[in-house]
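Only one structure is covered here, and it is reproduced in the block below.
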Amino acid sequence: MIKVCDDKLGRKIDYASYKDEVASIHKMIEEKTGEGADYLGWTHYPETFDKEEFEKIKACGKYIRENFDALVVCGIGGSYLGARAAIEAINGLYGDDKVEIIYLGQTFAPSYIAQVLKHLETKNFAINVISKSGTTTETALGFRLVRELLEKKIGKEKAAKAIFATTDKEKGALLELSKKYGYTRFVLPADIGGRYSVFTAVGLLPLAAAGIDIDAFIRGAHKGLVAYGKEDSEAYKYAIIHHELYKAGYPVEMMVSYEPRFVQLGEWWKQLFGESEGKDHTGVLPVSATFSTDLHSLGQFIQEGSPVLFETVLEIENPGVDVVIPHDDDNLDKLNYLEGKTFDFVNKKAQEGTMDAHSEVGGVPNILIKLDEMNAEGCGELMYFFMRACAMSCYLNKVNPFNQPGVEVYKKNMFHLLGKPGF
């Protein structure tokens with residue numbers, strides 16, 4: 001169970017003063033009556049999901065694992081960040097899984113694209129293209145390239161059996177293409193936006209292909225629904241603290257973890273809160289850091305720089321694996337005082353000392369979010385926790401959590417400069 005600790009905020013939060021407002025917003029979320037309510041399908045998805053499609057996802061994940069050594073996930077934003085975040089958080093960065101998950105369609109950078117295509121030349125790979133419309137520029141171009149490579153390698157007929165499309169159920173260019181060539185299709189529900197879609201086929205197929213137990217992942221999400229889908233939940237407690245600190249003059253939140261495998265989890269969290277909350281010239285800017293690594297680059301600013309940020313620290317109580325510090329006869333580094341201790345012990349003491357330094361001396365408010373274990377079930381629970389907290393936070397700030405009108409501005413400019421007809 002996730003626990004939100006508020007003893008290092010440097011202030012007391014009057015939770016009781018939020019009781020009526022939180023109850024009203026919670027009712028609005030549950031009854032789908034608020035702004036953006038058409039995109040609240042994720043709230044109860046862990047219990048209402050299509051069981052038949054879920055079994056199909058597991059079967060296709062098994063098929064990919066048995067017949068390919070790589071899966072190329074073509075998507076951008078919510079169409080790949082959730083899956084990547086979960087895969088790396090659960091499997092780690094140097095897992096020994098036989099299926100390599102490769103990402104394309106999330107950038108225009110030619111150096112990256114060229115390297116991916118070259119890397120795939122010697123790979124027996126499948127493709128999972130994820131797009132509600134099928135016309136998102138980065139993803140559509142990436143898919144065009146990787147599909148061409150696959151068809152050249154094995155022919156169009158075999159390639160069609162190696163391509164899995166996750167898209168809208170009723171319309172869109174990708175749906176038309178899938179029907180034309182017979183790609184296996186999965187549904188991105190119309191009432192779930194990309195950044196809230198990790199529990200749908202958008203996230204589940206890549207997770208299954210990566211060897212992750214998606215039954216446990218959904219079980220964790222359902223655990224989150226039960227625990228955090230109520231008025232007095234820890235998710236809403238986090239949202240209240242987040243809102244209070246923003247009102248108190250802290251416009252930046254830094255998500256901190258002490259695990260490199262959580263870097264992409266931070267990227268997913270940044271999209272979730274940044275794209276949901278950053279509207280009407282309001283909202284907290286979400287940034288992320290990995291300690292102790294980033295303490296050697298950002299620590300000085302956090303400790304003594306402009307007082308603009310608060311930290312949210314993610315702690316995993318059981319790391320799953322650990323390493324014992326050995327004895328060194330020379331002891332020139334003077335570290336034998338740590339022999340026999342584990343790296344988790346050192347990591348947690350670094351966290352404890354840093355939180356004390358930042359909060360008590362630096363005056364930086366610190367929220368601590370504690371999770372028992374980062375496995376498939378724990379990850380599902382944590383991601384659901386953040387979704388609930390984000391929805392509450394946005395409604396407290398009087399903005400629609402589920403649209404992103406500002407994104408369209410840069411796209412129109414880009415299309416005009418590229419010479420797209422009509423722009």
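Letters A, B, ... go to the chains of the structure tokens in the order shown; residues in each chain start at 1; ligands are counted from 1 in the same order.
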
- Excluding range 407-412 of chain A and residues on its chain fewer than 6 positions from it, collect all residues at most 12 Å away from it, counting only C-alpha atoms, and give them as JSON, numbers by chain. {"A": [77, 136, 137, 138, 274, 275, 276, 278, 279, 418, 419, 420, 421, 422, 423]}

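For range 300-317 of chain A, the set of protein, DNA and RNA residues having any atom at most 6 Å away, when counting only C-alpha atoms and skipping those fewer than 6 positions along the same chain, is Tyr250, Val252, Glu253, Met254, Met255, Val256, Ser257, His358, Gly362, Val364, Pro365, Asn366, Ile367, Leu368, Ile369, Lys370, Leu371, Asp372 and Glu373 of chain A.
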
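For the residues A:Leu174, A:Met355, A:Leu204, A:Leu141, ranking by smallest atom-to-atom distance to Ala59 in chain A using only C-alpha atoms places A:Leu204 first.
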
- Nearest to Gln264 in chain A, chosen from A:Ala289, A:Ile192, A:Leu417, A:Ala221, with only C-alpha atoms counted in the distances: A:Ala289

For range 394-404 of chain A, work out the shell of residues within 7 Å, counting only C-alpha atoms and skipping chain neighbours fewer than 2 positions away, then give it as a tab-separated table (two decimals) with C-alpha atoms, in the first residue's frame.
```tsv
chain	number	residue	atom	x	y	z
A	25	ILE	CA	-14.66	16.67	-6.97
A	35	GLU	CA	-15.00	19.17	-17.47
A	36	GLY	CA	-13.39	16.60	-19.74
A	39	TYR	CA	-12.09	10.99	-20.98
A	193	GLY	CA	-6.57	9.76	-23.44
A	275	GLU	CA	0.00	18.10	-19.97
A	276	SER	CA	-2.94	17.71	-17.60
A	277	GLU	CA	-2.31	20.66	-15.29
A	279	LYS	CA	-3.34	25.39	-18.63
A	390	CYS	CA	-3.47	14.20	-11.08
A	391	ALA	CA	-7.20	14.38	-11.81
A	392	MET	CA	-7.90	15.72	-8.33
A	406	GLY	CA	-1.70	24.33	-26.24
A	407	VAL	CA	0.00	21.42	-28.02
```

- Write down as a ChimeraX atom specification the residues belonging to range 324-407 of chain A that are assigned strand (DSSP E or B) by DSSP computed on the backbone. /A:324,342,366-373

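Proximity to Tyr45 in chain A was assessed for A:Glu231, A:Asp191, A:Asp356, A:Glu339 counting only C-alpha atoms; the smallest distance is recorded for A:Asp191.
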
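Residues within 8 Å of Arg388 in chain A, counting only C-alpha atoms and excluding same-chain residues fewer than 5 positions away, are Thr43, Tyr228, Gly229, Ala235 and Tyr236 of chain A.
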
- Message: Which residue is closest to Ala208 in chain A? Choose from A:Ile241, A:Ala165, A:Ile87, A:Ile29 and count only C-alpha atoms.
- Response: A:Ile87
